[in-house]
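Colleague: Here you go, this is data.cif (mmCIF, C-alpha atoms and all ligand atoms).
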```
data_final
#
loop_
_atom_site.label_atom_id
_atom_site.label_comp_id
_atom_site.auth_asym_id
_atom_site.auth_seq_id
_atom_site.Cartn_x
_atom_site.Cartn_y
_atom_site.Cartn_z
CA THR W 447 10.15 -28.41 14.86
CA ASN W 448 9.07 -30.64 17.78
CA GLY W 449 8.17 -33.40 15.41
CA VAL W 450 4.57 -32.23 15.39
CA ILE W 451 4.66 -28.47 14.82
CA THR W 452 7.18 -26.87 12.42
CA ILE W 453 8.00 -23.20 13.00
CA ASP W 454 8.55 -21.06 9.89
CA PRO W 455 9.51 -17.51 11.04
CA GLY W 456 7.94 -14.86 8.78
CA TYR W 457 6.15 -17.71 6.97
CA LYS W 458 9.00 -17.71 4.41
CA ASN W 459 8.04 -21.18 3.25
CA THR W 460 4.44 -21.48 4.40
CA GLY W 461 1.48 -21.10 2.09
CA ALA W 462 -1.52 -19.57 3.87
CA CYS W 463 -4.14 -20.10 1.19
CA GLU W 464 -4.95 -20.87 -2.41
CA SER W 465 -5.76 -17.72 -4.34
CA GLY W 466 -6.69 -16.78 -7.89
CA VAL W 467 -6.19 -13.03 -7.52
CA THR W 468 -2.51 -12.32 -8.19
CA PHE W 469 0.35 -14.37 -9.64
CA LEU W 470 3.94 -13.37 -9.08
CA ASP W 471 7.14 -15.12 -10.00
CA GLY W 472 10.04 -13.83 -7.90
CA GLU W 473 12.77 -15.37 -10.05
CA GLN W 474 11.41 -14.09 -13.36
CA GLY W 475 10.09 -10.82 -11.94
CA ILE W 476 6.56 -11.47 -13.24
CA LEU W 477 3.42 -9.88 -11.75
CA ARG W 478 -0.11 -10.54 -13.09
CA TYR W 479 -3.55 -9.55 -11.75
CA ARG W 480 -6.11 -12.26 -12.63
CA GLY W 481 -3.79 -13.33 -15.47
CA TYR W 482 -3.23 -9.88 -16.98
CA SER W 483 0.34 -8.50 -16.84
CA ILE W 484 0.82 -5.30 -14.84
CA GLU W 485 2.76 -3.91 -17.80
CA GLU W 486 -0.40 -4.11 -19.94
CA LEU W 487 -2.77 -2.97 -17.18
CA ALA W 488 -0.57 0.01 -16.23
CA GLU W 489 -0.54 1.10 -19.88
CA LYS W 490 -4.09 0.35 -21.00
CA ALA W 491 -6.48 0.28 -18.01
CA ASP W 492 -7.51 2.80 -15.39
CA PHE W 493 -7.34 2.22 -11.64
CA LEU W 494 -11.04 1.50 -11.03
CA GLU W 495 -11.13 -0.91 -13.99
CA VAL W 496 -8.20 -2.77 -12.40
CA ALA W 497 -9.97 -2.63 -9.02
CA TYR W 498 -13.02 -4.27 -10.63
CA LEU W 499 -10.80 -6.92 -12.26
CA LEU W 500 -9.04 -7.76 -8.97
CA ILE W 501 -12.24 -7.88 -6.92
CA PHE W 502 -14.65 -9.60 -9.32
CA GLY W 503 -12.14 -11.58 -11.38
CA GLU W 504 -12.96 -10.26 -14.86
CA LEU W 505 -12.37 -6.99 -16.72
CA PRO W 506 -15.70 -5.10 -16.54
CA THR W 507 -17.86 -4.79 -19.66
CA LYS W 508 -18.54 -1.24 -20.81
CA GLU W 509 -21.81 -1.18 -18.84
CA GLN W 510 -20.30 -2.76 -15.71
CA ASN W 511 -17.41 -0.29 -15.86
CA GLU W 512 -19.72 2.72 -16.19
CA LYS W 513 -21.97 1.49 -13.37
CA PHE W 514 -18.96 0.78 -11.11
CA HIS W 515 -17.51 4.27 -11.68
CA ASN W 516 -20.91 5.91 -11.07
CA ASP W 517 -21.77 3.84 -8.00
CA ILE W 518 -18.41 4.77 -6.49
CA LYS W 519 -18.92 8.46 -7.28
CA ALA W 520 -22.31 8.27 -5.54
CA GLU W 521 -20.56 7.01 -2.42
CA ALA W 522 -17.87 9.71 -2.39
CA VAL W 523 -19.55 11.40 0.58
CA VAL W 524 -18.58 10.93 4.22
CA ASP W 525 -20.84 11.52 7.22
CA GLU W 526 -20.29 15.08 8.46
CA ASP W 527 -19.68 13.71 11.97
CA VAL W 528 -16.47 12.13 10.64
CA LYS W 529 -15.17 15.68 10.10
CA LYS W 530 -15.43 16.14 13.87
CA ILE W 531 -13.23 13.06 14.31
CA VAL W 532 -10.69 14.40 11.79
CA GLU W 533 -10.59 17.70 13.66
CA THR W 534 -9.76 15.98 16.95
CA PHE W 535 -6.36 14.86 15.59
CA PRO W 536 -3.39 17.10 16.30
CA ARG W 537 -1.99 18.51 13.04
CA SER W 538 1.22 16.61 13.84
CA ALA W 539 -0.55 13.21 13.97
CA HIS W 540 1.00 10.71 11.55
CA PRO W 541 -1.32 10.36 8.54
CA MET W 542 -1.19 6.54 8.68
CA GLY W 543 -2.53 6.66 12.22
CA VAL W 544 -5.24 9.09 11.12
CA ILE W 545 -6.37 7.08 8.10
CA ALA W 546 -6.35 3.78 10.06
CA SER W 547 -8.57 5.42 12.71
CA LEU W 548 -10.91 6.98 10.17
CA THR W 549 -11.31 3.62 8.42
CA SER W 550 -12.20 2.07 11.76
CA ALA W 551 -14.63 4.94 12.31
CA LEU W 552 -16.32 4.03 9.02
CA THR W 553 -16.90 0.62 10.60
CA ALA W 554 -18.67 2.34 13.47
CA PHE W 555 -20.82 4.20 10.93
CA ASN W 556 -21.43 0.96 8.97
CA PRO W 557 -21.49 -1.62 11.75
CA SER W 558 -23.32 -4.28 9.80
CA SER W 559 -20.67 -6.74 8.81
CA VAL W 560 -20.97 -7.56 5.12
CA ASN W 561 -23.42 -10.36 4.30
CA VAL W 562 -21.03 -12.26 2.02
CA ASP W 563 -23.81 -14.53 0.82
CA SER W 564 -25.44 -11.56 -0.88
CA GLU W 565 -23.53 -10.34 -3.96
CA GLU W 566 -25.56 -7.12 -3.80
CA ASP W 567 -24.67 -6.53 -0.14
CA MET W 568 -20.99 -7.21 -0.85
CA TYR W 569 -21.04 -4.96 -3.92
CA ARG W 570 -22.58 -2.11 -1.89
CA ALA W 571 -19.91 -2.36 0.82
CA ILE W 572 -17.16 -2.43 -1.83
CA VAL W 573 -18.32 0.68 -3.72
CA LYS W 574 -18.88 2.38 -0.38
CA ILE W 575 -15.28 2.01 0.78
CA LEU W 576 -13.83 2.73 -2.69
CA GLY W 577 -15.90 5.92 -2.76
CA LYS W 578 -15.19 7.13 0.76
CA PHE W 579 -11.53 6.19 1.24
CA PRO W 580 -10.13 8.82 -1.17
CA VAL W 581 -12.13 11.49 0.69
CA LEU W 582 -10.59 10.34 3.97
CA VAL W 583 -7.13 10.39 2.34
CA ALA W 584 -7.67 13.98 1.16
CA TRP W 585 -9.06 15.05 4.55
CA THR W 586 -6.03 13.47 6.27
CA LEU W 587 -3.71 15.63 4.16
CA ARG W 588 -5.82 18.78 4.56
CA ARG W 589 -6.05 18.34 8.32
CA LYS W 590 -2.24 18.36 8.40
CA GLN W 591 -2.17 21.55 6.33
CA GLY W 592 -5.00 23.31 8.16
CA LEU W 593 -7.12 23.45 5.00
CA PRO W 594 -10.93 23.04 4.83
CA LEU W 595 -12.15 19.45 4.55
CA ASN W 596 -13.63 19.56 1.07
CA TYR W 597 -15.16 17.49 -1.68
CA GLY W 598 -14.04 17.37 -5.28
CA SER W 599 -16.36 17.09 -8.22
CA ASP W 600 -18.27 14.20 -9.74
CA GLU W 601 -17.72 15.71 -13.18
CA ILE W 602 -14.14 14.38 -13.31
CA GLY W 603 -12.40 11.00 -13.07
CA TYR W 604 -11.58 9.14 -9.87
CA VAL W 605 -7.84 9.83 -9.85
CA GLU W 606 -8.24 13.43 -11.07
CA ASN W 607 -10.70 13.94 -8.26
CA ILE W 608 -8.26 12.61 -5.66
CA LEU W 609 -5.70 15.22 -6.76
CA LYS W 610 -8.38 17.93 -6.76
CA MET W 611 -9.55 17.04 -3.22
CA MET W 612 -5.99 16.92 -1.97
CA PHE W 613 -4.63 20.09 -3.52
CA GLU W 614 -7.31 22.65 -4.38
CA LYS W 615 -7.05 25.73 -2.20
CA PRO W 616 -9.95 28.09 -1.33
CA ASN W 617 -10.32 30.58 -4.26
CA HIS W 618 -7.50 28.79 -6.10
CA PRO W 619 -8.96 26.18 -8.47
CA TYR W 620 -6.56 23.27 -8.81
CA GLU W 621 -4.80 23.21 -12.18
CA GLN W 622 -5.04 19.58 -13.37
CA ASN W 623 -1.93 18.16 -15.07
CA LYS W 624 -2.50 15.16 -17.36
CA VAL W 625 1.00 13.80 -16.71
CA LEU W 626 0.42 13.75 -12.94
CA ILE W 627 -3.04 12.22 -13.35
CA ASN W 628 -1.63 9.43 -15.53
CA ALA W 629 1.34 8.92 -13.22
CA LEU W 630 -0.90 8.61 -10.14
CA ASP W 631 -3.30 6.29 -11.99
CA LYS W 632 -0.32 4.09 -12.93
CA LEU W 633 1.11 4.17 -9.39
CA LEU W 634 -2.22 3.12 -7.88
CA ILE W 635 -2.54 0.26 -10.40
CA LEU W 636 1.00 -0.95 -9.62
CA HIS W 637 0.26 -0.95 -5.88
CA ALA W 638 -3.16 -2.59 -6.22
CA ASP W 639 -2.31 -6.12 -5.10
CA HIS W 640 0.68 -8.29 -4.35
CA GLU W 641 -0.63 -11.68 -3.21
CA GLN W 642 0.10 -12.66 0.41
CA ASN W 643 2.28 -9.74 1.60
CA CYS W 644 2.27 -8.71 5.26
CA SER W 645 -0.68 -6.29 5.14
CA THR W 646 -2.83 -8.52 2.90
CA SER W 647 -2.20 -11.47 5.19
CA THR W 648 -3.30 -9.20 8.05
CA VAL W 649 -6.54 -8.29 6.26
CA ARG W 650 -7.19 -11.98 5.62
CA ILE W 651 -6.55 -13.16 9.16
CA VAL W 652 -8.60 -10.33 10.73
CA GLY W 653 -11.41 -11.04 8.26
CA SER W 654 -11.20 -14.76 9.01
CA SER W 655 -12.79 -14.05 12.39
CA HIS W 656 -15.71 -12.59 10.35
CA ALA W 657 -14.78 -9.07 11.47
CA GLY W 658 -16.26 -6.54 9.03
CA LEU W 659 -14.55 -5.49 5.80
CA PHE W 660 -13.75 -1.95 7.02
CA ALA W 661 -12.32 -3.24 10.33
CA SER W 662 -10.14 -5.70 8.38
CA LEU W 663 -8.93 -2.92 6.08
CA SER W 664 -8.06 -0.76 9.07
CA ALA W 665 -5.86 -3.59 10.39
CA GLY W 666 -4.20 -3.87 6.97
CA ILE W 667 -3.38 -0.15 7.03
CA SER W 668 -1.62 -0.57 10.37
CA ALA W 669 0.46 -3.50 9.06
CA LEU W 670 1.38 -1.53 5.91
CA TRP W 671 2.70 1.34 8.07
CA GLY W 672 5.85 -0.56 9.09
CA PRO W 673 9.10 0.68 7.48
CA LEU W 674 9.92 -2.86 6.35
CA HIS W 675 6.68 -2.88 4.32
CA GLY W 676 4.71 0.04 2.87
CA GLY W 677 6.37 2.50 5.23
CA ALA W 678 9.54 1.93 3.18
CA ASN W 679 8.46 4.53 0.59
CA GLN W 680 8.65 7.21 3.29
CA ALA W 681 11.88 5.71 4.68
CA VAL W 682 13.45 5.81 1.18
CA LEU W 683 12.93 9.58 0.87
CA GLU W 684 14.21 10.16 4.41
CA MET W 685 17.28 8.07 3.54
CA LEU W 686 17.87 9.95 0.25
CA GLU W 687 17.46 13.28 2.06
CA ALA W 688 19.99 12.15 4.69
CA ILE W 689 22.46 11.14 1.96
CA LYS W 690 21.95 14.49 0.23
CA ALA W 691 22.49 16.35 3.52
CA ASP W 692 25.62 14.25 3.99
CA GLY W 693 27.08 15.61 0.74
CA GLY W 694 25.61 12.86 -1.46
CA ASP W 695 28.05 10.31 -0.07
CA THR W 696 26.31 7.14 -1.31
CA LYS W 697 29.41 4.98 -0.67
CA LYS W 698 29.16 5.70 3.07
CA TYR W 699 25.52 4.50 3.14
CA MET W 700 26.30 1.46 1.04
CA ALA W 701 28.97 0.56 3.63
CA LYS W 702 26.49 1.10 6.46
CA ALA W 703 23.95 -1.15 4.72
CA LYS W 704 26.53 -3.95 4.55
CA ASP W 705 27.83 -3.50 8.07
CA LYS W 706 26.14 -6.17 10.19
CA SER W 707 26.78 -4.16 13.36
CA ASP W 708 24.81 -1.27 11.84
CA PRO W 709 21.00 -1.67 11.83
CA PHE W 710 20.80 0.62 8.78
CA ARG W 711 19.29 -0.98 5.68
CA LEU W 712 19.14 0.44 2.18
CA MET W 713 15.43 1.26 2.14
CA GLY W 714 13.65 0.45 -1.10
CA PHE W 715 15.96 -2.49 -1.75
CA GLY W 716 15.32 -6.17 -1.33
CA HIS W 717 12.17 -8.22 -1.33
CA ARG W 718 10.94 -11.44 0.25
CA VAL W 719 9.85 -12.87 -3.09
CA TYR W 720 11.47 -10.90 -5.92
CA LYS W 721 15.02 -12.15 -6.38
CA ASN W 722 15.15 -10.09 -9.54
CA PHE W 723 14.17 -6.51 -10.40
CA ASP W 724 10.69 -5.77 -8.99
CA PRO W 725 8.73 -5.33 -12.27
CA ARG W 726 6.84 -2.45 -10.66
CA ALA W 727 10.08 -0.61 -9.90
CA ARG W 728 10.99 -0.64 -13.60
CA ILE W 729 7.70 1.01 -14.59
CA ILE W 730 7.77 3.51 -11.69
CA LYS W 731 11.37 4.51 -12.45
CA LYS W 732 10.33 5.35 -16.05
CA ALA W 733 7.28 7.26 -14.77
CA ALA W 734 9.50 9.23 -12.37
CA ASP W 735 11.66 10.35 -15.29
CA GLU W 736 8.55 11.36 -17.27
CA VAL W 737 6.96 13.29 -14.40
CA LEU W 738 10.12 15.17 -13.46
CA GLY W 739 10.85 15.79 -17.15
CA ASP W 740 7.37 17.15 -17.76
CA LEU W 741 7.49 19.34 -14.65
CA GLY W 742 10.97 20.50 -15.64
CA VAL W 743 12.13 19.48 -12.16
CA GLN W 744 15.82 18.74 -11.65
CA ASP W 745 15.55 16.76 -8.41
CA PRO W 746 19.01 15.97 -6.94
CA ILE W 747 17.23 13.30 -4.90
CA LEU W 748 16.47 11.40 -8.12
CA ASP W 749 20.13 11.61 -9.14
CA ILE W 750 21.18 10.24 -5.74
CA ALA W 751 18.62 7.42 -6.12
CA LYS W 752 19.98 6.50 -9.54
CA GLY W 753 23.55 6.62 -8.23
CA LEU W 754 22.64 4.37 -5.31
CA GLU W 755 20.86 1.92 -7.60
CA LYS W 756 23.85 1.76 -9.95
CA GLU W 757 26.26 1.10 -7.09
CA ALA W 758 24.02 -1.53 -5.52
CA LEU W 759 23.57 -3.39 -8.82
CA GLU W 760 27.35 -3.67 -9.07
CA ASP W 761 28.03 -4.50 -5.41
CA THR W 762 28.62 -8.19 -4.61
CA TYR W 763 26.90 -7.93 -1.19
CA PHE W 764 23.70 -6.84 -2.91
CA VAL W 765 24.11 -9.00 -6.00
CA ASP W 766 24.85 -12.14 -3.92
CA ARG W 767 21.72 -11.49 -1.85
CA LYS W 768 19.70 -10.59 -4.95
CA LEU W 769 18.79 -7.21 -3.49
CA TYR W 770 17.19 -5.08 -6.21
CA PRO W 771 15.15 -1.87 -6.06
CA ASN W 772 11.55 -2.65 -5.07
CA VAL W 773 8.26 -0.86 -5.58
CA ASP W 774 9.05 1.64 -2.82
CA PHE W 775 12.36 2.84 -4.21
CA TYR W 776 11.12 5.30 -6.84
CA SER W 777 7.47 5.89 -5.94
CA GLY W 778 8.26 8.54 -3.34
CA ILE W 779 10.08 10.62 -5.93
CA ILE W 780 6.88 10.91 -7.95
CA TYR W 781 4.73 11.63 -4.89
CA ARG W 782 7.18 14.35 -3.91
CA ALA W 783 7.04 15.88 -7.39
CA MET W 784 3.24 15.94 -6.99
CA GLY W 785 3.60 17.95 -3.80
CA ILE W 786 2.57 15.11 -1.48
CA PRO W 787 4.35 15.37 1.90
CA THR W 788 6.69 12.46 2.74
CA ASP W 789 4.62 11.22 5.69
CA MET W 790 1.64 10.83 3.33
CA PHE W 791 3.46 8.43 0.98
CA THR W 792 2.34 5.29 2.78
CA VAL W 793 -1.24 6.59 2.80
CA MET W 794 -0.95 6.71 -1.01
CA PHE W 795 0.29 3.10 -0.92
CA ALA W 796 -2.81 2.16 1.12
CA LEU W 797 -5.03 3.96 -1.42
CA GLY W 798 -3.51 1.85 -4.18
CA ARG W 799 -3.61 -1.41 -2.19
CA LEU W 800 -7.26 -1.04 -1.18
CA PRO W 801 -8.71 -3.04 -4.13
CA GLY W 802 -6.25 -5.87 -3.51
CA TRP W 803 -7.12 -6.06 0.17
CA ILE W 804 -10.83 -6.07 -0.74
CA ALA W 805 -10.31 -8.77 -3.41
CA GLN W 806 -8.36 -11.02 -1.06
CA TRP W 807 -10.82 -10.48 1.83
CA ARG W 808 -13.76 -11.30 -0.46
CA GLU W 809 -12.01 -14.43 -1.82
CA MET W 810 -11.20 -15.61 1.71
CA ARG W 811 -14.84 -15.19 2.83
CA LEU W 812 -16.36 -16.69 -0.34
CA ARG W 813 -14.08 -19.70 0.02
CA LYS W 814 -15.26 -19.99 3.64
CA GLU W 815 -11.66 -20.16 4.92
CA PRO W 816 -11.45 -21.15 8.62
CA ILE W 817 -10.46 -18.64 11.30
CA GLY W 818 -6.69 -18.13 11.29
CA ARG W 819 -5.17 -19.59 14.43
CA PRO W 820 -1.50 -20.71 14.07
CA ARG W 821 0.14 -23.09 16.59
CA GLN W 822 3.42 -22.62 18.55
CA ILE W 823 6.24 -24.54 20.18
CA TYR W 824 6.23 -23.66 23.88
CA ILE W 825 9.65 -22.66 25.26
CA GLY W 826 8.57 -20.99 28.52
CA ALA W 827 8.73 -22.03 32.20
CA THR W 828 7.60 -25.52 33.25
CA GLU W 829 4.80 -25.72 35.85
CA ARG W 830 5.46 -23.85 39.13
CA LYS W 831 3.42 -22.94 42.25
CA PHE W 832 2.15 -19.42 43.02
CA VAL W 833 4.09 -17.55 45.81
CA PRO W 834 2.12 -14.88 47.72
CA VAL W 835 3.60 -11.41 47.27
CA ASP W 836 4.67 -11.09 50.96
CA GLU W 837 6.89 -14.10 50.46
CA ARG W 838 8.55 -12.87 47.22
C1 LIG W 901 7.07 -3.96 0.21
O1 LIG W 901 5.83 -8.76 0.49
C2 LIG W 901 5.52 -7.89 -0.40
O2 LIG W 901 5.13 -8.23 -1.49
C3 LIG W 901 5.68 -6.42 0.03
C4 LIG W 901 5.44 -5.41 -1.08
C5 LIG W 901 3.99 -5.36 -1.49
O3 LIG W 901 3.72 -4.94 -2.62
O4 LIG W 901 3.13 -5.64 -0.59
O5 LIG W 901 6.23 -5.74 -2.22
C6 LIG W 901 5.81 -3.99 -0.62
O6 LIG W 901 6.98 -4.05 1.41
C7 LIG W 901 8.40 -3.90 -0.47
C8 LIG W 901 9.61 -4.01 0.52
C9 LIG W 901 9.82 -2.62 1.16
N1 LIG W 901 10.79 -2.72 2.27
C10 LIG W 901 12.02 -2.16 2.17
O7 LIG W 901 12.46 -1.63 1.16
C11 LIG W 901 12.83 -2.22 3.46
C12 LIG W 901 14.24 -2.72 3.15
N2 LIG W 901 14.12 -4.10 2.73
C13 LIG W 901 14.40 -5.13 3.73
O8 LIG W 901 14.13 -4.81 5.04
C14 LIG W 901 14.09 -6.55 3.27
O9 LIG W 901 14.66 -6.70 2.03
C15 LIG W 901 12.65 -7.01 3.21
C16 LIG W 901 11.92 -6.75 4.48
C17 LIG W 901 11.91 -6.36 2.08
C18 LIG W 901 12.68 -8.52 2.96
O10 LIG W 901 13.26 -9.12 4.06
P1 LIG W 901 13.52 -10.70 4.15
O11 LIG W 901 12.96 -11.39 2.96
O12 LIG W 901 13.07 -11.13 5.50
O13 LIG W 901 15.07 -10.79 3.96
P2 LIG W 901 16.11 -10.77 5.14
O14 LIG W 901 15.78 -9.63 6.07
O15 LIG W 901 16.21 -12.15 5.69
O16 LIG W 901 17.48 -10.39 4.37
C19 LIG W 901 18.23 -11.38 3.66
C20 LIG W 901 19.65 -10.84 3.66
C21 LIG W 901 20.15 -10.45 5.05
O17 LIG W 901 21.58 -10.52 5.04
P3 LIG W 901 22.25 -11.93 5.59
O18 LIG W 901 21.68 -12.13 6.99
O19 LIG W 901 21.85 -12.98 4.58
O20 LIG W 901 23.74 -11.62 5.58
O21 LIG W 901 19.71 -9.63 2.89
C22 LIG W 901 20.04 -8.55 3.75
C23 LIG W 901 19.79 -8.98 5.16
O22 LIG W 901 20.65 -8.29 6.07
N3 LIG W 901 19.16 -7.44 3.36
C24 LIG W 901 19.52 -6.17 3.26
C25 LIG W 901 18.39 -5.49 2.80
N4 LIG W 901 17.38 -6.35 2.65
C26 LIG W 901 17.84 -7.55 2.99
N5 LIG W 901 20.70 -5.56 3.53
C27 LIG W 901 20.74 -4.22 3.32
N6 LIG W 901 19.70 -3.48 2.86
C28 LIG W 901 18.50 -4.09 2.60
N7 LIG W 901 17.47 -3.38 2.16
#
```
Could you spell out this file's structure in structure tokens?

Modeller:
Amino acid sequence: TNGVITIDPGYKNTGACESGVTFLDGEQGILRYRGYSIEELAEKADFLEVAYLLIFGELPTKEQNEKFHNDIKAEAVVDEDVKKIVETFPRSAHPMGVIASLTSALTAFNPSSVNVDSEEDMYRAIVKILGKFPVLVAWTLRRKQGLPLNYGSDEIGYVENILKMMFEKPNHPYEQNKVLINALDKLLILHADHEQNCSTSTVRIVGSSHAGLFASLSAGISALWGPLHGGANQAVLEMLEAIKADGGDTKKYMAKAKDKSDPFRLMGFGHRVYKNFDPRARIIKKAADEVLGDLGVQDPILDIAKGLEKEALEDTYFVDRKLYPNVDFYSGIIYRAMGIPTDMFTVMFALGRLPGWIAQWREMRLRKEPIGRPRQIYIGATERKFVPVDER
């Protein structure tokens, strides 16, 4: 501090806003969306119902729920010109870069920034992005795999349709699997919001300049990409694969994670707020067992993950620092069992987090929060005179 400005790196102890969307208690490992526990919501609600709750603050009535689902289905169409944009990406392009660009492109196709004073206008923009984003997610995957950019069906549910769009092959109707549909619905619910995390704070600060909703979401996707944040779910699988290739030697990687001279971190462990088990990790771990059990898959990667978790929970370095498995530790194992490529995992995180970003953006605009513009303490050169280049 310089007596006037106090610096708080990473905003560890700085509150950016008041919010009524999500409550989490890091010590107790509690997470609630608008007062409802994620344990209940993951069990009893579906993803769009939870999206409605997060965005509008109440669980939808039967009519509201039906209308919301139908309005979103009606928007599950993307301008054919966007296909041309998808086809310009090399097949090797990272899916997070593709989906961030396509979301920005949607802004270009919907330039009018949302009129937040009109509930109807806001509602239209919200169902538009919730309808179109899953199509862009599916097209991102199919571009990678050289498959036709398709649509699903409006005869089936939102999550079922995401799987259909992602995986159906020409002349090979996609066999739906109830266990996978339920597991994905649960995963998306558990990722839906998490108060002022890095990507949500990004969506808020971009939106605070009154940039449009889609432009703000595109910024949030870029922030989520980082391996310290949503990108961790991809980094976890890469780490587990490396351990498996290294003969399953978890002790060696535990030692690396504790070695200060080694930049390696145990991905999927630790959290800025949870100093206890991440409640989402508990539910996802159980879902991973169910999915692999149902598919009859014996995944050595899951065994390595469980071994690593057991060791970490007994290791003083981790226990002293309260480093527990977080939401990213087990989710990739389920995505992998679903046939989703590793570099698409963070795109699935973005798909889940979309309603939370929208809810927080909407709250920030409705509360007329000022433009975000932090201060600094200057530590650079004092004043000096320009020297022409011939004299330097
Ligand atoms: C998500 O904020 C959110 O809510 C995010 C999220 C959401 O839903 O939006 O929950 C989603 O991003 C989950 C986190 C996914 N990231 C990872 O799994 C990457 C690995 N985790 C770490 O990089 C780290 O734990 C963070 C980034 C999650 C949190 O970092 P902090 O709070 O800044 O903690 P820190 O880096 O200051 O670490 C504190 C200590 C340090 O040791 P000391 O300097 O005290 O000796 O713990 C150590 C760190 O070295 N440490 C780790 C570690 N995480 C922290 N050591 C080894 N492995 C790790 N994973």

Colleague: Can you tell me, as a PyMOL selection string, what residues are no more than 12 Å from Lys574 of chain W when counting only C-alpha atoms, ignoring any on the same chain fewer than 5 positions away?

Modeller: chain W and resi 514-524+549+552-553+555-556+560+567-569+579-581+659-660+804

Colleague: Per residue of chain W within 8 Å of ligand LIG 901 (chain W), record the nearest atom pair and its distance in Å to one decimal, counting only C-alpha atoms and all ligand atoms, with rows in chain order and ascending residue number, as a tab-separated table.

Modeller:
```
residue	atom	partner	partner_atom	distance
W:Gly456	CA	W:LIG901	O12	7.1
W:Lys458	CA	W:LIG901	O11	7.6
W:His637	CA	W:LIG901	O3	6.2
W:Asp639	CA	W:LIG901	O3	6.6
W:His640	CA	W:LIG901	O3	4.8
W:Glu641	CA	W:LIG901	O2	6.9
W:Gln642	CA	W:LIG901	O1	6.9
W:Asn643	CA	W:LIG901	O1	3.8
W:Cys644	CA	W:LIG901	O1	6.0
W:Ser645	CA	W:LIG901	O4	6.9
W:Thr646	CA	W:LIG901	O4	7.5
W:Leu670	CA	W:LIG901	O6	7.6
W:Pro673	CA	W:LIG901	C11	6.2
W:Leu674	CA	W:LIG901	C11	4.2
W:His675	CA	W:LIG901	O6	3.2
W:Gly676	CA	W:LIG901	O6	4.9
W:Gly677	CA	W:LIG901	C9	7.4
W:Ala678	CA	W:LIG901	C10	4.9
W:Asn679	CA	W:LIG901	C9	7.3
W:Val682	CA	W:LIG901	O7	7.5
W:Ala703	CA	W:LIG901	C27	4.7
W:Lys704	CA	W:LIG901	C27	5.9
W:Lys706	CA	W:LIG901	O22	7.2
W:Phe710	CA	W:LIG901	N6	7.3
W:Arg711	CA	W:LIG901	N6	3.8
W:Leu712	CA	W:LIG901	N6	4.0
W:Met713	CA	W:LIG901	O7	4.3
W:Gly714	CA	W:LIG901	O7	3.3
W:Phe715	CA	W:LIG901	N7	4.3
W:Gly716	CA	W:LIG901	O9	3.5
W:His717	CA	W:LIG901	C17	3.9
W:Arg718	CA	W:LIG901	O11	3.4
W:Val719	CA	W:LIG901	O1	6.8
W:Phe764	CA	W:LIG901	N5	7.2
W:Arg767	CA	W:LIG901	O21	5.5
W:Lys768	CA	W:LIG901	O21	7.9
W:Leu769	CA	W:LIG901	N4	6.4
W:Pro771	CA	W:LIG901	O7	7.7
W:Asn772	CA	W:LIG901	C7	5.7
W:Val773	CA	W:LIG901	C7	5.9
W:Asp774	CA	W:LIG901	C9	5.9
W:Phe775	CA	W:LIG901	O7	7.0
```

Colleague: For each of W:Val833, W:Ile451, W:Ile747, W:Ile730, take the minimum atom-to-atom distance to Tyr776 of chain W, counting all atoms listed in the file, then give the residue where this is smallest.

Modeller: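 Nearest candidate to Tyr776 of chain W out of W:Val833, W:Ile451, W:Ile747, W:Ile730: W:Ile730.
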
Colleague: Report as a VMD selection string all protein, DNA and RNA residues lying within 12 Å of Pro619 of chain W, evaluated on only C-alpha atoms, omitting residues in the same chain fewer than 5 positions from it.

Modeller: chain W and resid 598 to 599 609 to 614

Colleague: Which residues, protein or nucleic acid, reach to within 12 Å of (29.0, 3.9, 1.7) in the file's coordinates when using only C-alpha atoms, and can you give that as a ChimeraX atom specification?

Modeller: /W:689,692-705,710-712,753-754,757-758,761

Colleague: Convert the current residue selection to file output with C-alpha atoms, as a short mmCIF file (atom, residue, chain, number, x, y, z; two decimals), in the frame of the given file.

Modeller:
```
data_model
loop_
_atom_site.label_atom_id
_atom_site.label_comp_id
_atom_site.auth_asym_id
_atom_site.auth_seq_id
_atom_site.Cartn_x
_atom_site.Cartn_y
_atom_site.Cartn_z
CA ILE W 689 22.46 11.14 1.96
CA ASP W 692 25.62 14.25 3.99
CA GLY W 693 27.08 15.61 0.74
CA GLY W 694 25.61 12.86 -1.46
CA ASP W 695 28.05 10.31 -0.07
CA THR W 696 26.31 7.14 -1.31
CA LYS W 697 29.41 4.98 -0.67
CA LYS W 698 29.16 5.70 3.07
CA TYR W 699 25.52 4.50 3.14
CA MET W 700 26.30 1.46 1.04
CA ALA W 701 28.97 0.56 3.63
CA LYS W 702 26.49 1.10 6.46
CA ALA W 703 23.95 -1.15 4.72
CA LYS W 704 26.53 -3.95 4.55
CA ASP W 705 27.83 -3.50 8.07
CA PHE W 710 20.80 0.62 8.78
CA ARG W 711 19.29 -0.98 5.68
CA LEU W 712 19.14 0.44 2.18
CA GLY W 753 23.55 6.62 -8.23
CA LEU W 754 22.64 4.37 -5.31
CA GLU W 757 26.26 1.10 -7.09
CA ALA W 758 24.02 -1.53 -5.52
CA ASP W 761 28.03 -4.50 -5.41
#
```

Colleague: Could you name the residues that touch segment 493-498 of chain W at 6 Å or less, counting all atoms listed in the file, but leaving out those on the same chain fewer than 2 positions away, as an MDAnalysis selection string?

Modeller: chainID W and resid 500:502 631 635 801

Colleague: Do you have the atom CA of Met784 of chain W-atom CA of Gln744 of chain W distance handy?

Modeller: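 It comes out at 13.7 Å.
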